[in-house]
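Raw my_file_9.cif, mmCIF, C-alpha atoms:
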data_query
loop_
_atom_site.label_atom_id
_atom_site.label_comp_id
_atom_site.auth_asym_id
_atom_site.auth_seq_id
_atom_site.Cartn_x
_atom_site.Cartn_y
_atom_site.Cartn_z
CA MET S 12 155.12 186.14 153.97
CA LYS S 13 153.33 188.52 151.71
CA THR S 14 154.06 186.28 148.72
CA ASN S 15 152.68 183.21 150.56
CA LEU S 16 149.47 185.05 151.40
CA PHE S 17 149.11 186.16 147.81
CA ARG S 18 149.61 182.58 146.61
CA LEU S 19 147.05 181.31 149.10
CA ILE S 20 144.46 183.81 147.94
CA LEU S 21 145.23 183.07 144.30
CA ALA S 22 144.92 179.32 144.96
CA GLY S 23 141.53 179.89 146.57
CA VAL S 24 140.27 182.00 143.70
CA LEU S 25 141.55 179.53 141.11
CA SER S 26 140.01 176.60 143.00
CA ALA S 27 136.63 178.28 143.05
CA LEU S 28 136.97 179.17 139.38
CA GLY S 29 138.05 175.61 138.53
CA LEU S 30 135.01 174.11 140.24
CA ALA S 31 132.72 176.69 138.68
CA CYS S 32 134.12 175.93 135.21
CA GLY S 33 133.47 172.23 135.79
CA GLY S 34 130.44 170.29 136.89
CA CYS S 35 129.58 172.33 139.97
CA ALA S 36 128.29 175.00 137.65
CA SER S 37 126.23 172.43 135.78
CA ALA S 38 122.51 173.00 135.70
CA ASN S 39 121.98 169.27 136.18
CA LEU S 40 123.64 169.11 139.56
CA ALA S 41 120.56 169.03 141.77
CA ARG S 42 117.95 168.14 139.17
CA VAL S 43 115.41 165.38 139.69
CA GLN S 44 115.89 163.16 136.67
CA PRO S 45 112.89 162.42 134.39
CA TRP S 46 112.80 158.78 135.56
CA GLU S 47 112.76 159.80 139.23
CA ARG S 48 109.52 161.78 139.13
CA ALA S 49 107.10 159.10 140.29
CA THR S 50 106.46 160.86 143.58
CA LEU S 51 106.06 164.24 141.91
CA ALA S 52 103.57 162.74 139.46
CA ASP S 53 101.51 161.23 142.26
CA TYR S 54 97.86 162.28 142.52
CA THR S 55 98.39 163.59 146.06
CA MET S 56 100.89 166.13 144.68
CA ARG S 57 98.23 167.77 142.52
CA ALA S 58 97.08 171.17 143.67
CA ASP S 59 93.59 170.62 142.22
CA ARG S 60 92.91 167.16 143.66
CA ASP S 61 90.22 168.40 146.06
CA PRO S 62 87.58 170.57 144.31
CA LEU S 63 86.13 171.91 147.59
CA SER S 64 89.53 172.85 148.97
CA GLY S 65 90.38 174.40 145.61
CA ALA S 66 87.19 176.49 145.64
CA ILE S 67 87.88 177.71 149.19
CA ARG S 68 91.49 178.63 148.36
CA GLU S 69 90.28 180.37 145.23
CA HIS S 70 87.74 182.37 147.25
CA VAL S 71 90.35 183.38 149.83
CA PHE S 72 92.72 184.37 147.05
CA PHE S 73 90.38 186.57 145.11
CA SER S 74 88.92 188.09 148.29
CA ARG S 75 92.34 189.09 149.56
CA GLU S 76 93.66 190.13 146.16
CA ALA S 77 90.47 191.98 145.26
CA ALA S 78 92.31 195.06 144.17
CA SER S 79 93.76 193.13 141.26
CA GLY S 80 90.35 191.85 140.16
CA GLY S 81 90.49 188.30 141.45
CA ARG S 82 91.56 185.28 139.48
CA GLY S 83 89.56 184.82 136.33
CA ILE S 84 86.36 186.01 137.92
CA GLY S 85 84.75 189.31 137.04
CA GLY S 86 83.69 191.50 139.93
CA SER S 87 83.51 194.92 141.42
CA ASN S 88 86.90 194.64 143.08
CA CYS S 89 85.31 195.19 146.47
CA GLY S 90 86.48 191.87 147.80
CA CYS S 91 83.16 191.36 149.57
CA ASN S 92 82.02 188.22 147.85
CA MET F 25 152.62 179.46 139.55
CA ARG F 26 152.88 176.13 137.75
CA TYR F 27 151.53 174.44 140.87
CA LEU F 28 148.53 176.76 140.91
CA LEU F 29 147.85 176.03 137.28
CA LYS F 30 147.87 172.30 138.06
CA VAL F 31 145.38 172.88 140.91
CA PHE F 32 143.10 174.79 138.55
CA VAL F 33 143.19 172.15 135.82
CA GLY F 34 142.73 169.33 138.34
CA LEU F 35 139.70 170.89 139.95
CA ALA F 36 138.18 171.71 136.57
CA ILE F 37 138.52 168.03 135.60
CA VAL F 38 137.01 166.89 138.91
CA GLY F 39 134.21 169.38 138.51
CA TRP F 40 133.52 168.24 134.95
CA GLY F 41 133.47 164.66 136.14
CA THR F 42 130.78 165.38 138.69
CA GLY F 43 128.59 167.17 136.19
CA ALA F 44 125.75 165.39 134.37
CA HIS F 45 126.56 164.78 130.73
CA GLY F 46 126.85 161.90 128.30
CA GLU F 47 123.25 161.57 127.13
CA ILE F 48 122.97 159.00 124.35
CA SER F 49 121.93 160.66 121.13
CA VAL F 50 121.76 160.08 117.37
CA GLY F 51 124.88 158.35 116.06
CA ASP F 52 125.79 156.75 119.40
CA ARG F 53 125.76 153.04 119.93
CA PHE F 54 122.74 151.89 121.91
CA PRO F 55 123.84 149.81 124.92
CA PRO F 56 122.80 146.15 124.88
CA LEU F 57 119.56 145.61 126.77
CA GLN F 58 121.08 142.67 128.59
CA ALA F 59 123.73 144.96 130.10
CA GLY F 60 121.23 147.12 131.91
CA GLY F 61 120.19 144.64 134.61
CA LEU F 62 116.61 144.66 133.37
CA GLU F 63 113.87 142.47 134.76
CA GLY F 64 112.15 140.39 132.11
CA ALA F 65 113.31 138.53 129.04
CA ALA F 66 114.85 140.80 126.41
CA PRO F 67 114.08 139.67 122.85
CA GLU F 68 116.74 139.02 120.23
CA THR F 69 117.58 142.36 118.63
CA LYS F 70 120.69 141.65 116.60
CA GLY F 71 120.27 142.71 112.99
CA HIS F 72 116.78 144.09 113.59
CA VAL F 73 115.50 147.63 113.59
CA LEU F 74 114.84 148.30 117.26
CA LEU F 75 112.34 150.65 118.86
CA VAL F 76 113.06 151.11 122.55
CA ASP F 77 110.54 153.10 124.54
CA PHE F 78 111.23 154.25 128.09
CA TRP F 79 108.01 154.67 130.03
CA ALA F 80 106.49 154.77 133.49
CA SER F 81 103.07 153.89 134.88
CA TRP F 82 102.78 157.41 136.34
CA CYS F 83 103.42 159.09 132.99
CA GLU F 84 100.22 160.21 131.23
CA PRO F 85 101.51 160.31 127.60
CA CYS F 86 102.84 156.77 128.08
CA LYS F 87 99.26 155.53 128.33
CA GLU F 88 98.55 157.07 124.95
CA SER F 89 101.75 155.74 123.40
CA PHE F 90 101.20 152.04 124.11
CA PRO F 91 98.31 151.49 121.65
CA ALA F 92 100.38 153.27 118.97
CA TYR F 93 103.42 151.07 119.63
CA SER F 94 101.15 148.02 119.55
CA ARG F 95 99.98 149.02 116.06
CA LEU F 96 103.59 149.61 114.97
CA HIS F 97 104.52 146.20 116.31
CA SER F 98 101.76 144.43 114.40
CA ASP F 99 102.42 146.42 111.20
CA TYR F 100 106.19 146.07 111.07
CA GLN F 101 107.12 142.98 113.08
CA SER F 102 107.18 140.76 109.99
CA ARG F 103 109.52 143.20 108.24
CA GLY F 104 112.11 143.15 111.02
CA LEU F 105 111.06 145.67 113.67
CA VAL F 106 111.44 144.75 117.32
CA VAL F 107 109.60 146.88 119.87
CA VAL F 108 110.79 146.86 123.46
CA ALA F 109 109.26 148.94 126.23
CA VAL F 110 111.42 149.57 129.28
CA SER F 111 109.64 150.71 132.42
CA VAL F 112 111.38 152.86 135.02
CA ASP F 113 108.81 152.00 137.69
CA GLU F 114 110.34 151.24 141.05
CA LYS F 115 107.12 149.69 142.32
CA GLU F 116 106.40 146.33 140.77
CA PRO F 117 102.60 146.39 141.36
CA ALA F 118 102.30 149.67 139.43
CA PHE F 119 104.29 148.18 136.55
CA SER F 120 102.25 144.97 136.50
CA ALA F 121 98.92 146.77 136.66
CA PHE F 122 99.88 149.00 133.72
CA VAL F 123 101.05 146.07 131.62
CA LYS F 124 97.92 144.08 132.48
CA ARG F 125 95.68 146.99 131.52
CA GLN F 126 97.47 147.76 128.24
CA ALA F 127 98.26 144.11 127.35
CA PRO F 128 100.98 145.06 124.84
CA PRO F 129 101.97 142.46 122.22
CA PHE F 130 105.64 143.49 122.51
CA ALA F 131 108.25 142.85 125.21
CA THR F 132 108.00 144.93 128.38
CA LEU F 133 111.01 145.01 130.68
CA ARG F 134 111.59 146.85 133.96
CA ASP F 135 114.62 148.89 134.93
CA SER F 136 113.82 149.06 138.64
CA THR F 137 117.37 150.06 139.62
CA HIS F 138 117.53 152.75 136.92
CA GLN F 139 120.82 151.33 135.72
CA LEU F 140 120.08 151.45 131.97
CA VAL F 141 118.07 154.65 132.05
CA GLY F 142 120.86 156.33 134.02
CA MET F 143 123.43 155.09 131.51
CA ILE F 144 121.42 156.44 128.59
CA LYS F 145 120.31 159.58 130.45
CA VAL F 146 116.82 159.55 129.03
CA PRO F 147 115.81 163.22 128.64
CA ALA F 148 112.03 162.90 129.21
CA MET F 149 109.21 160.46 129.92
CA PRO F 150 108.44 158.85 127.56
CA THR F 151 111.42 158.80 125.23
CA CYS F 152 111.65 156.50 122.26
CA TYR F 153 114.89 155.47 120.53
CA LEU F 154 114.93 154.06 117.02
CA VAL F 155 118.03 151.94 116.57
CA GLY F 156 119.23 150.81 113.15
CA ARG F 157 120.26 147.30 112.21
CA ASP F 158 123.88 148.25 112.97
CA GLY F 159 123.03 149.05 116.60
CA THR F 160 123.40 152.82 116.39
CA VAL F 161 120.73 155.27 117.50
CA ARG F 162 119.17 156.83 114.41
CA PHE F 163 116.22 158.80 115.79
CA VAL F 164 115.19 159.98 119.25
CA HIS F 165 111.65 161.06 120.13
CA ARG F 166 111.19 163.01 123.35
CA GLY F 167 107.65 162.62 124.65
CA PHE F 168 104.72 161.26 122.69
CA HIS F 169 102.60 163.66 120.66
CA GLY F 170 99.86 161.41 119.34
CA ARG F 171 99.36 161.15 115.60
CA GLU F 172 102.29 163.44 114.84
CA THR F 173 104.76 161.13 116.58
CA ASP F 174 103.08 158.07 115.09
CA LEU F 175 103.51 159.40 111.53
CA GLU F 176 107.12 160.39 112.14
CA LEU F 177 107.89 156.97 113.57
CA ARG F 178 106.30 155.21 110.61
CA ASN F 179 108.35 157.25 108.12
CA GLU F 180 111.54 156.62 110.05
CA ILE F 181 110.85 152.91 110.52
CA ASN F 182 110.13 152.54 106.79
CA ALA F 183 113.42 154.25 105.99
CA LEU F 184 115.40 152.10 108.44
CA LEU F 185 113.81 148.86 107.24
CA ALA F 186 114.52 149.79 103.64
CA GLU F 187 118.23 150.28 104.35
CA ASN F 188 118.95 146.58 104.43
CA GLN F 189 116.35 144.18 103.15
CA SER F 190 118.41 141.04 103.81
CA PRO F 191 117.04 139.01 106.74
CA PRO F 192 119.09 139.27 109.94
#
Have the structure of the file written as structure tokens, please.
Amino acid sequence: MKTNLFRLILAGVLSALGLACGGCASANLARVQPWERATLADYTMRADRDPLSGAIREHVFFSREAASGGRGIGGSNCGCN
Amino acid sequence: MRYLLKVFVGLAIVGWGTGAHGEISVGDRFPPLQAGGLEGAAPETKGHVLLVDFWASWCEPCKESFPAYSRLHSDYQSRGLVVVAVSVDEKEPAFSAFVKRQAPPFATLRDSTHQLVGMIKVPAMPTCYLVGRDGTVRFVHRGFHGRETDLELRNEINALLAENQSPP
């Protein structure tokens, strides 16, 4: 009984190791291929597609993160602008 | 114990099989264009030096590469270079609009099912393969870097054309 349990555990460990040694450990497993990136390259996926929205987000960001000096904008770190 | 070893080896093989590998690189035989289920008429390539460019209408460097390939085509066509551009666009209107805008003098095909591009495992967009007269891949260019790529391609094409001056 004890031997069977040991074998079962060993089989499980070896199975996991076998799959890890093979393709399941491959970095390509869940990668979007270069020829499948049409949707990702679409204009609507761009973060900077709307200048007004970008400016508002930028303002919110540097106001809230004032202690770190904002993002590329000099200031007094008061977060009041 | 022998049984367990067999399980390990079997699963490793299965795992390896599911992994992505097998990218076509220098020294490999380039698959025939006709085998890829491409849309459009593939030109005769046997015995020619072949430049195959994989592109997409949504790829910015591809827009820059087309005028350069057009110049290569006009400069080297008479010496035995065949330029073929294979689009990976799934949407036909996007493909047609790009081709209409660029009006390339070389053949443009479309791999809408991604059969050929999947077989070759193109590493980036665009990627250009220079294939020798014997059908083997001799140079691979990932991306297009303007004048730098253009100069490299010209040197490589000159070398490949010089290898065998006899007409195909």
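With atom CA of Arg166 of chain F on one side and atom CA of Asp52 of chain F on the other, the separation reads 16.4 Å.
Among the candidates F:Pro129, F:Pro55, F:Gly60, F:Gly46, the residue lying nearest to chain S is F:Gly46 (atoms considered: all atoms listed in the file).
For the pair atom CA of Trp79 of chain F and atom CA of Pro150 of chain F, the interatomic distance is 4.9 Å.
Distance-wise, atom CA of Val112 of chain F and atom CA of Ser98 of chain F end up 24.3 Å apart.
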Go through the shown structure with the PyMOL selection byres ((chain S and resi 53-55) around 12) and write out the matching residues as a PyMOL selection string. (chain S and resi 47-52+56-61) or (chain F and resi 80-84+118)
Okay, now the selection with C-alpha atoms, as an mmCIF file, in the frame of the given file?
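Everything below was put into result.cif:
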data_model
loop_
_atom_site.group_PDB
_atom_site.id
_atom_site.type_symbol
_atom_site.label_atom_id
_atom_site.label_comp_id
_atom_site.auth_asym_id
_atom_site.auth_seq_id
_atom_site.Cartn_x
_atom_site.Cartn_y
_atom_site.Cartn_z
ATOM 1 C CA GLU S 47 112.760 159.800 139.230
ATOM 2 C CA ARG S 48 109.520 161.780 139.130
ATOM 3 C CA ALA S 49 107.100 159.100 140.290
ATOM 4 C CA THR S 50 106.460 160.860 143.580
ATOM 5 C CA LEU S 51 106.060 164.240 141.910
ATOM 6 C CA ALA S 52 103.570 162.740 139.460
ATOM 7 C CA MET S 56 100.890 166.130 144.680
ATOM 8 C CA ARG S 57 98.230 167.770 142.520
ATOM 9 C CA ALA S 58 97.080 171.170 143.670
ATOM 10 C CA ASP S 59 93.590 170.620 142.220
ATOM 11 C CA ARG S 60 92.910 167.160 143.660
ATOM 12 C CA ASP S 61 90.220 168.400 146.060
ATOM 13 C CA ALA F 80 106.490 154.770 133.490
ATOM 14 C CA SER F 81 103.070 153.890 134.880
ATOM 15 C CA TRP F 82 102.780 157.410 136.340
ATOM 16 C CA CYS F 83 103.420 159.090 132.990
ATOM 17 C CA GLU F 84 100.220 160.210 131.230
ATOM 18 C CA ALA F 118 102.300 149.670 139.430
#
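You can rank F:His72, F:Lys124, F:Lys87, F:Lys115 by their closest distance to chain S using only C-alpha atoms, and at the top of that list sits F:Lys115.
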